[in-house]
Structures are given as C-alpha cells and as structure tokens.
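**Student:** Next up, final-v4.csv (CSV, C-alpha atoms).
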chain,number,residue,atom,x,y,z
A,294,MET,CA,9.9,13.3,19.8
A,295,PRO,CA,10.1,12.5,16.0
A,296,LYS,CA,9.2,15.5,13.8
A,297,THR,CA,9.6,14.3,10.2
A,298,MET,CA,7.6,11.5,8.6
A,299,LYS,CA,10.9,9.6,8.0
A,300,GLU,CA,11.7,9.8,11.8
A,301,LYS,CA,8.1,8.6,12.7
A,302,ARG,CA,8.2,5.6,10.4
A,303,LYS,CA,11.7,4.7,11.7
A,304,LEU,CA,10.3,4.8,15.3
A,305,VAL,CA,7.3,2.6,14.3
A,306,THR,CA,9.7,0.1,12.8
A,307,GLU,CA,11.8,0.1,16.1
A,308,TYR,CA,8.6,-0.5,18.1
A,309,LYS,CA,7.9,-3.6,16.0
A,310,ILE,CA,11.4,-4.8,16.7
A,311,TRP,CA,11.2,-4.0,20.4
A,312,ALA,CA,7.9,-5.8,20.8
A,313,SER,CA,9.6,-9.2,21.1
A,314,GLY,CA,10.7,-8.6,24.8
A,315,VAL,CA,9.1,-7.4,28.0
A,316,ILE,CA,10.9,-4.0,28.0
A,317,GLY,CA,10.3,-3.5,24.3
A,318,SER,CA,6.6,-4.3,24.7
A,319,LEU,CA,6.3,-1.7,27.5
A,320,LYS,CA,8.0,0.9,25.3
A,321,MET,CA,5.7,0.0,22.5
A,322,ILE,CA,2.6,0.3,24.8
A,323,ALA,CA,3.8,3.7,26.1
A,324,GLY,CA,4.5,5.1,22.7
A,325,THR,CA,1.9,7.2,20.8
A,326,THR,CA,3.6,7.6,17.3
A,327,GLY,CA,1.8,5.5,14.7
A,328,THR,CA,-0.9,4.4,17.1
A,329,VAL,CA,-4.7,5.1,17.1
A,330,TRP,CA,-4.4,7.2,20.2
A,331,GLN,CA,-3.6,10.4,18.2
A,332,ASN,CA,-6.9,9.9,16.4
A,333,ILE,CA,-9.2,8.9,19.2
A,334,TYR,CA,-8.0,10.7,22.4
A,335,GLY,CA,-10.9,13.2,22.0
A,336,GLU,CA,-13.6,10.5,22.0
A,337,VAL,CA,-11.9,8.7,24.9
A,338,ILE,CA,-11.6,11.8,27.0
A,339,SER,CA,-15.2,13.0,26.3
A,340,SER,CA,-16.6,9.6,27.2
A,341,THR,CA,-14.6,9.5,30.4
A,342,LEU,CA,-15.7,13.0,31.4
A,343,PHE,CA,-19.3,12.0,30.7
A,344,ALA,CA,-18.9,8.9,32.9
A,345,ILE,CA,-17.5,11.1,35.8
A,346,ALA,CA,-20.4,13.5,35.4
A,347,MET,CA,-22.9,10.6,35.6
A,348,LEU,CA,-21.0,9.2,38.7
A,349,ILE,CA,-21.5,12.6,40.4
A,350,VAL,CA,-25.2,12.6,39.5
A,351,HIS,CA,-25.5,9.0,40.7
A,352,ARG,CA,-24.0,9.7,44.1
A,353,HIS,CA,-25.4,13.1,44.9
A,354,TRP,CA,-28.6,13.8,43.0
A,355,TYR,CA,-30.3,10.8,41.4
A,356,LYS,CA,-29.7,7.1,41.9
A,357,LEU,CA,-29.2,5.5,38.5
A,358,GLU,CA,-30.8,2.1,38.2
A,359,PHE,CA,-30.0,0.4,34.9
A,360,LYS,CA,-29.3,-3.2,34.0
A,361,ILE,CA,-26.3,-4.2,31.9
A,362,VAL,CA,-28.3,-7.0,30.2
A,363,SER,CA,-30.6,-4.5,28.5
A,364,HIS,CA,-27.6,-2.6,27.1
A,365,GLN,CA,-26.1,-5.8,25.6
A,366,LEU,CA,-28.6,-5.7,22.8
A,367,LEU,CA,-26.5,-3.0,21.0
A,368,PHE,CA,-23.4,-5.1,21.2
A,369,ILE,CA,-24.3,-7.3,18.2
A,370,PRO,CA,-24.7,-4.5,15.6
A,371,VAL,CA,-21.7,-2.6,16.9
A,372,SER,CA,-19.4,-5.7,16.7
A,373,PHE,CA,-20.7,-6.6,13.2
A,374,LEU,CA,-20.2,-3.1,11.9
A,375,LEU,CA,-16.7,-2.7,13.3
A,376,VAL,CA,-15.5,-6.2,12.3
A,377,PHE,CA,-16.7,-5.7,8.7
A,378,ARG,CA,-15.0,-2.2,8.6
A,379,CYS,CA,-11.7,-3.6,9.8
A,380,SER,CA,-11.7,-6.7,7.7
A,381,ASN,CA,-12.7,-4.7,4.6
A,382,SER,CA,-10.0,-2.1,5.2
A,383,TYR,CA,-7.3,-4.7,5.8
A,384,ALA,CA,-8.2,-6.5,2.6
A,385,ARG,CA,-7.7,-3.2,0.8
A,386,TYR,CA,-4.4,-2.6,2.6
A,387,TRP,CA,-3.1,-6.1,1.6
A,388,GLU,CA,-4.3,-5.7,-2.0
A,389,GLY,CA,-2.5,-2.3,-2.1
A,390,ARG,CA,0.7,-3.9,-1.0
A,391,GLY,CA,0.4,-6.6,-3.7
A,392,LEU,CA,-0.2,-3.8,-6.4
A,393,LEU,CA,2.9,-2.0,-5.2
A,394,GLY,CA,4.9,-5.2,-5.6
A,395,GLN,CA,3.4,-5.6,-9.1
A,396,LEU,CA,4.4,-2.0,-10.0
A,397,THR,CA,8.0,-2.5,-8.9
A,398,PHE,CA,8.2,-5.9,-10.6
A,399,CYS,CA,7.0,-4.6,-13.9
A,400,THR,CA,9.4,-1.7,-13.8
A,401,ARG,CA,12.3,-4.0,-13.1
A,402,GLU,CA,11.1,-6.5,-15.7
A,403,ILE,CA,10.9,-3.9,-18.5
A,404,ASN,CA,14.5,-2.7,-17.9
A,405,THR,CA,15.8,-6.3,-17.4
A,406,LYS,CA,14.4,-7.4,-20.8
A,407,CYS,CA,15.7,-4.2,-22.4
A,408,VAL,CA,19.2,-5.0,-21.2
A,409,CYS,CA,19.0,-8.6,-22.3
A,410,TYR,CA,17.2,-8.0,-25.6
A,411,THR,CA,19.0,-5.1,-27.2
A,412,THR,CA,22.4,-3.4,-27.5
A,413,ASP,CA,20.9,-0.2,-28.8
A,414,LYS,CA,22.0,2.3,-26.1
A,415,ILE,CA,19.6,5.0,-27.2
A,416,LEU,CA,16.6,2.6,-27.0
A,417,ALA,CA,17.7,1.3,-23.7
A,418,SER,CA,18.2,4.8,-22.3
A,419,ASN,CA,14.7,5.9,-23.4
A,420,ILE,CA,13.0,2.8,-22.0
A,421,LYS,CA,14.9,3.3,-18.7
A,422,ARG,CA,13.9,6.9,-18.2
A,423,LEU,CA,10.3,6.4,-19.3
A,424,SER,CA,9.7,3.3,-17.2
A,425,LEU,CA,11.0,5.1,-14.1
A,426,CYS,CA,9.0,8.2,-15.0
A,427,CYS,CA,5.9,6.1,-15.3
A,428,MET,CA,6.5,4.6,-11.8
A,429,TYR,CA,6.9,8.0,-10.3
A,430,LEU,CA,3.7,9.3,-11.9
A,431,ILE,CA,1.7,6.3,-10.8
A,432,THR,CA,2.6,6.7,-7.2
A,433,LEU,CA,2.2,10.5,-7.4
A,434,THR,CA,-1.3,10.5,-8.9
A,435,VAL,CA,-2.5,7.8,-6.4
A,436,GLN,CA,-0.9,9.5,-3.3
A,437,THR,CA,-2.3,12.9,-4.1
A,438,TYR,CA,-5.8,11.9,-5.4
A,439,TRP,CA,-7.8,13.4,-2.5
A,440,ASP,CA,-5.6,16.5,-2.3
A,441,LYS,CA,-6.4,17.2,-5.9
A,442,LEU,CA,-10.2,16.8,-5.3
A,443,SER,CA,-10.2,18.9,-2.2
A,444,ASP,CA,-8.1,21.8,-3.6
A,445,SER,CA,-9.1,23.6,-6.7
A,446,ASP,CA,-5.6,25.2,-7.0
A,447,PHE,CA,-3.8,21.9,-6.6
A,448,SER,CA,-0.7,21.2,-8.8
A,449,TYR,CA,1.4,18.1,-9.0
A,450,ASP,CA,5.0,18.1,-7.8
A,451,TYR,CA,6.9,16.9,-10.9
A,452,SER,CA,10.3,17.4,-9.4
A,453,LYS,CA,11.2,13.7,-9.7
A,454,VAL,CA,10.3,13.3,-13.3
A,455,GLU,CA,11.5,16.7,-14.8
A,456,ASP,CA,15.0,15.3,-15.6
A,457,LEU,CA,13.6,12.2,-17.1
A,458,LEU,CA,11.6,13.8,-19.9
A,459,THR,CA,12.6,15.8,-23.0
A,460,LYS,CA,11.5,19.4,-23.4
A,461,LYS,CA,8.6,18.5,-25.6
A,462,GLU,CA,7.4,15.7,-23.4
A,463,TRP,CA,7.7,17.9,-20.3
A,464,ASP,CA,5.6,20.7,-21.8
A,465,HIS,CA,2.9,18.2,-22.8
A,466,LEU,CA,2.9,16.5,-19.4
A,467,THR,CA,2.5,19.7,-17.4
A,468,SER,CA,-0.4,20.8,-19.6
A,469,LEU,CA,-2.4,17.6,-18.7
A,470,LYS,CA,-5.1,17.8,-16.0
A,471,SER,CA,-5.2,14.0,-15.6
A,472,GLY,CA,-3.9,10.8,-17.1
A,473,GLN,CA,-0.3,11.6,-16.7
A,474,PRO,CA,1.0,8.0,-16.5
A,475,LEU,CA,-1.1,7.1,-19.5
A,476,PHE,CA,0.8,9.7,-21.6
A,477,VAL,CA,4.1,8.3,-20.6
A,478,LEU,CA,2.9,4.7,-21.3
A,479,MET,CA,1.9,5.8,-24.8
A,480,ILE,CA,5.4,7.2,-25.5
A,481,LEU,CA,6.9,4.0,-24.1
A,482,ARG,CA,4.8,1.9,-26.4
A,483,ARG,CA,5.8,4.0,-29.4
A,484,TYR,CA,9.5,3.4,-28.7
A,485,ILE,CA,8.8,-0.4,-28.5
A,486,ALA,CA,6.8,-0.3,-31.8
A,487,GLU,CA,9.6,1.7,-33.5
A,488,ALA,CA,12.3,-0.7,-32.3
A,489,SER,CA,10.2,-3.7,-33.6
A,490,SER,CA,9.8,-2.0,-37.0
A,491,ARG,CA,13.5,-1.4,-37.2
A,492,GLN,CA,14.1,-5.1,-36.1
A,493,VAL,CA,16.0,-3.9,-33.1
A,494,LEU,CA,13.6,-6.1,-31.2
A,495,THR,CA,12.0,-9.2,-32.5
A,496,PRO,CA,8.1,-9.4,-32.5
A,497,LEU,CA,8.2,-11.7,-29.5
A,498,GLN,CA,10.5,-9.5,-27.5
A,499,GLY,CA,8.3,-6.4,-28.3
A,500,TYR,CA,5.2,-8.4,-27.3
A,501,GLU,CA,6.7,-9.4,-24.0
A,502,ILE,CA,7.7,-5.8,-23.1
A,503,ASN,CA,4.3,-4.6,-24.2
A,504,GLN,CA,2.7,-7.1,-21.8
A,505,ASP,CA,4.6,-5.5,-18.9
A,506,ILE,CA,3.5,-2.1,-20.1
A,507,SER,CA,-0.1,-3.3,-20.1
A,508,THR,CA,0.4,-4.7,-16.5
A,509,LEU,CA,1.6,-1.2,-15.4
A,510,HIS,CA,-1.6,0.3,-16.8
A,511,THR,CA,-3.7,-2.3,-15.0
A,512,THR,CA,-1.8,-1.8,-11.8
A,513,TRP,CA,-2.4,2.0,-11.9
A,514,ASN,CA,-6.1,1.5,-12.5
A,515,ALA,CA,-6.3,-1.0,-9.5
A,516,MET,CA,-4.4,1.4,-7.2
A,517,LEU,CA,-6.8,4.3,-8.2
A,518,LYS,CA,-9.7,2.0,-7.5
A,519,ILE,CA,-8.5,1.5,-3.9
A,520,THR,CA,-7.8,5.2,-3.4
A,521,SER,CA,-10.9,6.6,-5.1
A,522,THR,CA,-13.5,4.2,-3.7
A,523,PRO,CA,-13.8,4.5,0.1
A,524,LEU,CA,-16.4,2.5,2.2
A,525,PRO,CA,-19.9,3.7,1.3
A,526,TYR,CA,-20.9,6.8,3.3
A,527,PRO,CA,-24.2,5.2,4.7
A,528,TRP,CA,-22.1,2.4,6.2
A,529,MET,CA,-19.6,4.8,7.8
A,530,HIS,CA,-22.5,7.0,9.1
A,531,LEU,CA,-24.3,4.0,10.6
A,532,THR,CA,-21.1,2.8,12.2
A,533,LYS,CA,-20.4,6.1,13.8
A,534,VAL,CA,-24.0,6.6,15.1
A,535,VAL,CA,-24.3,3.1,16.6
A,536,LEU,CA,-20.8,3.3,18.1
A,537,TYR,CA,-21.4,6.6,19.8
A,538,LEU,CA,-24.8,5.4,21.1
A,539,PHE,CA,-23.3,2.2,22.5
A,540,VAL,CA,-20.3,3.9,24.3
A,541,TYR,CA,-22.3,6.8,25.8
A,542,SER,CA,-25.4,4.8,26.8
A,543,MET,CA,-23.1,2.1,28.3
A,544,VAL,CA,-22.1,4.7,31.0
A,545,PHE,CA,-25.6,4.5,32.7
A,546,PRO,CA,-25.7,0.7,33.5
A,547,VAL,CA,-21.9,0.5,34.2
A,548,ILE,CA,-22.0,3.4,36.8
A,549,SER,CA,-25.3,2.0,38.2
A,550,VAL,CA,-23.8,-1.4,38.9
A,551,LEU,CA,-20.0,-0.7,39.5
A,552,ASP,CA,-20.1,2.9,40.9
A,553,TRP,CA,-16.7,4.6,40.6
A,554,VAL,CA,-15.1,1.4,39.4
A,555,GLY,CA,-17.1,1.8,36.2
A,556,VAL,CA,-15.0,4.9,35.2
A,557,PRO,CA,-11.8,3.1,34.3
A,558,PHE,CA,-14.0,0.4,32.7
A,559,ILE,CA,-15.5,3.0,30.4
A,560,VAL,CA,-12.0,4.3,29.5
A,561,VAL,CA,-10.9,0.8,28.4
A,562,ILE,CA,-14.0,0.0,26.4
A,563,SER,CA,-14.1,3.4,24.7
A,564,PHE,CA,-10.4,3.1,23.8
A,565,MET,CA,-11.0,-0.4,22.3
A,566,LEU,CA,-14.1,0.4,20.3
A,567,PHE,CA,-13.0,3.9,19.0
A,568,GLY,CA,-9.6,2.4,18.3
A,569,LEU,CA,-11.0,-0.4,16.1
A,570,ALA,CA,-13.0,2.2,14.1
A,571,ALA,CA,-9.8,4.4,13.7
A,572,ILE,CA,-7.8,1.4,12.5
A,573,GLY,CA,-10.4,0.6,9.9
A,574,GLN,CA,-10.3,4.2,8.7
A,575,GLU,CA,-6.5,4.4,8.6
A,576,MET,CA,-6.0,1.2,6.6
A,577,GLU,CA,-8.7,2.1,4.1
A,578,ASP,CA,-6.3,4.1,1.9
A,579,PRO,CA,-2.7,2.7,2.2
A,580,PHE,CA,-1.2,5.1,-0.4
A,581,GLY,CA,-1.5,8.3,1.7
A,582,ASP,CA,1.1,10.1,3.7
A,583,ASP,CA,0.3,8.8,7.2
A,584,VAL,CA,2.8,7.1,9.4
A,585,ASN,CA,1.4,3.6,8.8
A,586,ASP,CA,0.9,4.1,5.0
A,587,PHE,CA,3.3,2.5,2.6
A,588,ASP,CA,6.6,4.4,2.3
A,589,LEU,CA,6.4,5.0,-1.4
A,590,SER,CA,9.6,7.1,-1.6
A,591,LYS,CA,11.6,4.2,-0.1
A,592,ILE,CA,10.1,1.7,-2.6
A,593,GLU,CA,10.8,4.1,-5.5
A,594,ASN,CA,14.4,4.5,-4.4
A,595,ASN,CA,14.9,0.8,-4.2
A,596,VAL,CA,13.7,0.3,-7.8
A,597,VAL,CA,15.8,3.1,-9.1
A,598,ILE,CA,18.9,1.6,-7.5
A,599,ASP,CA,18.1,-1.8,-9.0
A,600,VAL,CA,17.6,-0.3,-12.5
A,601,GLU,CA,20.8,1.7,-12.3
A,602,ASN,CA,22.7,-1.5,-11.3
A,603,LEU,CA,21.3,-3.2,-14.4
A,604,PHE,CA,22.8,-0.6,-16.7
A,605,ARG,CA,26.2,-0.4,-15.0
A,606,LYS,CA,29.2,-1.5,-17.1
A,607,GLU,CA,30.3,-3.7,-14.2
A,608,SER,CA,27.2,-5.9,-14.7
A,609,GLU,CA,28.3,-6.8,-18.3
A,610,PRO,CA,30.1,-10.1,-18.7
A,611,GLN,CA,33.9,-9.8,-18.8
A,612,ASN,CA,36.0,-11.2,-21.6
A,613,ASN,CA,38.0,-13.4,-19.2
A,614,ALA,CA,35.0,-14.9,-17.6
A,615,PRO,CA,35.2,-18.7,-17.4
A,616,VAL,CA,33.4,-20.6,-20.1
A,617,GLN,CA,31.1,-23.3,-18.9
A,618,GLN,CA,31.9,-26.7,-20.4
A,619,PRO,CA,29.0,-28.6,-21.9
A,620,ASP,CA,27.7,-31.6,-20.0
A,621,PRO,CA,28.6,-34.7,-22.1
A,622,TYR,CA,25.7,-36.7,-20.6
A,623,ALA,CA,23.2,-34.0,-21.6
A,624,TYR,CA,24.8,-33.8,-25.1
A,625,ARG,CA,24.4,-37.6,-25.5
A,626,LEU,CA,20.8,-37.4,-24.4
A,627,MET,CA,20.0,-34.6,-27.0
A,628,ASN,CA,21.6,-36.6,-29.8
A,629,ASP,CA,20.1,-40.0,-28.8
A,630,THR,CA,16.9,-40.4,-30.8
A,631,SER,CA,15.8,-43.3,-28.5
A,632,GLN,CA,15.6,-40.9,-25.6
A,633,THR,CA,12.8,-38.4,-24.9
A,634,SER,CA,13.3,-34.9,-23.6
A,635,TRP,CA,13.0,-36.3,-20.1
A,636,GLY,CA,16.0,-38.6,-20.5
A,637,VAL,CA,14.0,-41.8,-20.6
A,638,SER,CA,13.0,-44.1,-23.5
A,639,SER,CA,9.5,-43.9,-25.0
A,640,ASP,CA,8.8,-47.3,-23.5
A,641,GLU,CA,9.7,-46.2,-20.1
A,642,ARG,CA,7.6,-43.0,-20.5
A,643,THR,CA,4.6,-45.2,-21.4
A,644,ILE,CA,5.1,-47.2,-18.2
A,645,LEU,CA,5.3,-44.0,-16.2
Just dump the structure as structure tokens.

**Tutor:**
Amino acid sequence: MPKTMKEKRKLVTEYKIWASGVIGSLKMIAGTTGTVWQNIYGEVISSTLFAIAMLIVHRHWYKLEFKIVSHQLLFIPVSFLLVFRCSNSYARYWEGRGLLGQLTFCTREINTKCVCYTTDKILASNIKRLSLCCMYLITLTVQTYWDKLSDSDFSYDYSKVEDLLTKKEWDHLTSLKSGQPLFVLMILRRYIAEASSRQVLTPLQGYEINQDISTLHTTWNAMLKITSTPLPYPWMHLTKVVLYLFVYSMVFPVISVLDWVGVPFIVVISFMLFGLAAIGQEMEDPFGDDVNDFDLSKIENNVVIDVENLFRKESEPQNNAPVQQPDPYAYRLMNDTSQTSWGVSSDERTIL
C-alpha cells in the first residue's frame, strides 16, 4: 500500500492508464486510493446496518408496508442539490487548473523576456530569483490558507524561498503576517522601474514585464478566491439533511417490497449518493494536499527547470551558427512601392 502522497498520486495515475482494458478496469474498481470510498465508508456501512436491522424487524416483529412511489418525491430535491454541488465544484476545479497554467506561463514569460531584452546579468539574476520566489509564495499561501485559519500558532514553511532572498528581504518577509507574494511583487516592480530609468530596458519592454507581474497578482487573487470561498454553508447543510433523509427513509419501502434483496440495493444507492456528495466536496478546493488535488510541487519543479534552461550558457547562440540568407522575393516585395504588405497590388487589394 502506498504511504507517501507521491506514491498515492503515482498509483492514481497508473489507475487512469490501466482503465483502458478489462484487467485494468478491474484493478481500478478494486483500488481505494484516490477514490471516494475512504470518505464515505462510514455512511455506507451505517445505512447497510440500518437496512439489515429493518429487515430483521420486518421478518420477525412488524410487517413493513410502504410504497416506493411515495418515497420518490424526495428524489427531485436530492438530485438537484447533488448535481448543482458537483457541477459547481468541477467548475472551480477547472478554473483552478487554468489559473495554475496562467501562473506558470507568467513566470516563464517574465524570465523569457528578461533573457531576450537585457544583457545585464545582475538584473537578470534578480528577476529570476524574485519571479521564482513569487511563484513559490503564491502556491504556499493558497495551499495553506485553511491551515492558517484553523491554527493560531501556524507558521509558513519558507524553506523553498530562503535561498532566493537577500538577508534584508528575508527578514522583512518573515515578519509579515499576510501578503507575502505582494511584497515580492513590489520588489520585482522596483527592479523593473530602476532598469527602465537606467535605460537597461526600454519603456515598452518595462511595460510588457510589468503586465506579466500584474497578471501574477491577478492570478494570486483568483486562486485565493477559490480557496477562501467555499459553497455557502446553508446549501451544504440542506444537501446533507436531505441526502441523509432520502437514504435512510428509502430503507423502509425497499425492504417492504424487496425483502432481503433490498439490502444490496441500499448499499449501491448509498454508495452512489454519498459518493457524489464526497466528489463535490473534494473538488471544491483543488489547491489542497489531497491525492486528487493538483501536484503543486511537480508544477513548480517543471517551471524551475524551464527557467534554469533559459539561463544556461548552452542556450545562447553560438558564433559558428549558420546565418540565414535573406529571401530575395521578400526583399523585392519590401522595396516595390507598387506592392502592399500582403504582396499584392493596391488594385488587387481593392478587388479582394
């Protein structure tokens, strides 16, 4: 059995690969890692025991006489509440994945522009370390949001960013109670402003990098919105109450009509309904540390590798690199005043 989170996520990935064949599908069905079973087995077992108890009462003490048709009235509100919960949670899950893609894109984009726009090694080094530090802090604050609220003695694990900051920056960061990514974004903006004032970067280049920094800030806010805004409590409470009422009251008409055959029927129905509720709850916050949440460490490592490759000396053009010859046809078009930028005459463009 897998013990670490990395082993569990690897097993879940293998389940997805196996699911294409019959044997793989059976292995996936028999597995429990990453499934809803670990969260709902208590409800399924309790509803099954209640069904067995009602079966004994029905056979030996009191004859149960209920019609399934009357119980179907509860099915409409239960289905509506569960479908809304799952669809809303998946929308948050998908939005979270898009925000992670935006976070990694902006981090890569800032460093790519830095490599292309300037040869100042000090500026490039500062932008590199601060952009990576900001990425780490954004994922850290989002992933530990609820831990911080529930534990008054909570403290952030800054081990990933300690080597990326100067002594003065580190002291100021550790003294902050909140807004850690905002502090790093401010320093990053100061470096860009200073480079623009020294004309190391042109105003347009500084503006483009500042746009990526603004996008990082927007992404952080959007990720915090998903994490800090769960489904309203009255909705969750109503869903739980109606779900429990439906499952446990369903025992009476099912046992009354199907007798002992109704027990496995109760097991299947309770597994399906409680499972749907658990899926909605698990997908609601995709930035946590559960098996099915996004593997933030893996995403961070991929970005770090990409950024490091950008700054490798091997990525610089070599002196003996072949020089591309100009296209004579394109040169003729650029110098022919009778041609437009599309390569057609003005008369032809009018016709088009």

**Student:** Any idea what's packed within 12 Å of Gly472 in chain A, counting only C-alpha atoms, ignoring anything in its chain fewer than 4 positions away? Could you give it as a JSON list (two decimals) with C-alpha atoms, in the frame of the given file?

**Tutor:**
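For reference, out02.json as written:
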[["chain", "number", "residue", "atom", "x", "y", "z"],
["A", 427, "CYS", "CA", 5.90, 6.10, -15.30],
["A", 430, "LEU", "CA", 3.70, 9.30, -11.90],
["A", 431, "ILE", "CA", 1.70, 6.30, -10.80],
["A", 433, "LEU", "CA", 2.20, 10.50, -7.40],
["A", 434, "THR", "CA", -1.30, 10.50, -8.90],
["A", 435, "VAL", "CA", -2.50, 7.80, -6.40],
["A", 438, "TYR", "CA", -5.80, 11.90, -5.40],
["A", 465, "HIS", "CA", 2.90, 18.20, -22.80],
["A", 466, "LEU", "CA", 2.90, 16.50, -19.40],
["A", 467, "THR", "CA", 2.50, 19.70, -17.40],
["A", 468, "SER", "CA", -0.40, 20.80, -19.60],
["A", 476, "PHE", "CA", 0.80, 9.70, -21.60],
["A", 477, "VAL", "CA", 4.10, 8.30, -20.60],
["A", 478, "LEU", "CA", 2.90, 4.70, -21.30],
["A", 479, "MET", "CA", 1.90, 5.80, -24.80],
["A", 510, "HIS", "CA", -1.60, 0.30, -16.80],
["A", 513, "TRP", "CA", -2.40, 2.00, -11.90],
["A", 514, "ASN", "CA", -6.10, 1.50, -12.50],
["A", 517, "LEU", "CA", -6.80, 4.30, -8.20]]

**Student:** Find, counting all atoms listed in the file, the residue in A:Lys591, A:Gln473, A:Thr512, A:Ser521 that gets nearest to Phe398 in chain A.

**Tutor:**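 The shortest atom-to-atom distance to Phe398 in chain A comes from A:Thr512.
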
**Student:** Could you check how far CA of Arg482 in chain A sits from CA of Ile415 in chain A, in Å to one decimal?

**Tutor:**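 Going from CA of Arg482 in chain A over to CA of Ile415 in chain A covers 15.1 Å.
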
**Student:** Can you measure CA of Val376 in chain A to CA of Glu388 in chain A for me? One decimal in Å is fine.

**Tutor:**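 Between these atoms lies a distance of 18.2 Å.
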
**Student:** Which of these, A:Lys356, A:Arg491, A:Lys320, A:His530, has the shortest distance to Asp413 in chain A once you count only C-alpha atoms?

**Tutor:**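 Once distances to Asp413 in chain A are computed over only C-alpha atoms, the minimum belongs to A:Arg491.
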
**Student:** Looking at A:Val560, A:Val584, A:Ala571, A:Ile592, which one is nearest to Ile345 in chain A, with distances taken over all atoms listed in the file?

**Tutor:**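 Selected residue with least distance to Ile345 in chain A: A:Val560.
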
**Student:** Restricting the calculation to only C-alpha atoms: of A:Leu442, A:Ile369, A:Ile548, A:Ile485, which residue gets closest to Asp505 in chain A?

**Tutor:**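 Counting only C-alpha atoms, the residue closest to Asp505 in chain A is A:Ile485.
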
**Student:** How far is it from CA of Asp552 in chain A to CA of Met347 in chain A, in Å with one decimal?

**Tutor:** 9.8 Å

**Student:** Using all atoms listed in the file, determine which residues lie at most 9 Å from Asn595 in chain A, disregarding the query and same-chain residues fewer than 5 positions distant; provide the list as a list in words.

**Tutor:** Thr397, Ser590 and Val600 of chain A

**Student:** Given the choices A:Ile506, A:Ile333, A:Val454, A:Ala344, which gets closest to Tyr429 in chain A if the distance is worked out from all atoms listed in the file?

**Tutor:**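 Checking each of A:Ile506, A:Ile333, A:Val454, A:Ala344 against Tyr429 in chain A, counting all atoms listed in the file, the winner is A:Val454.
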
**Student:** Using all atoms listed in the file for the distances, tell me which of A:Asn419, A:Ser542, A:Thr437, A:Asn585 is nearest to Phe368 in chain A.

**Tutor:**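 Checking each of A:Asn419, A:Ser542, A:Thr437, A:Asn585 against Phe368 in chain A, counting all atoms listed in the file, the winner is A:Ser542.
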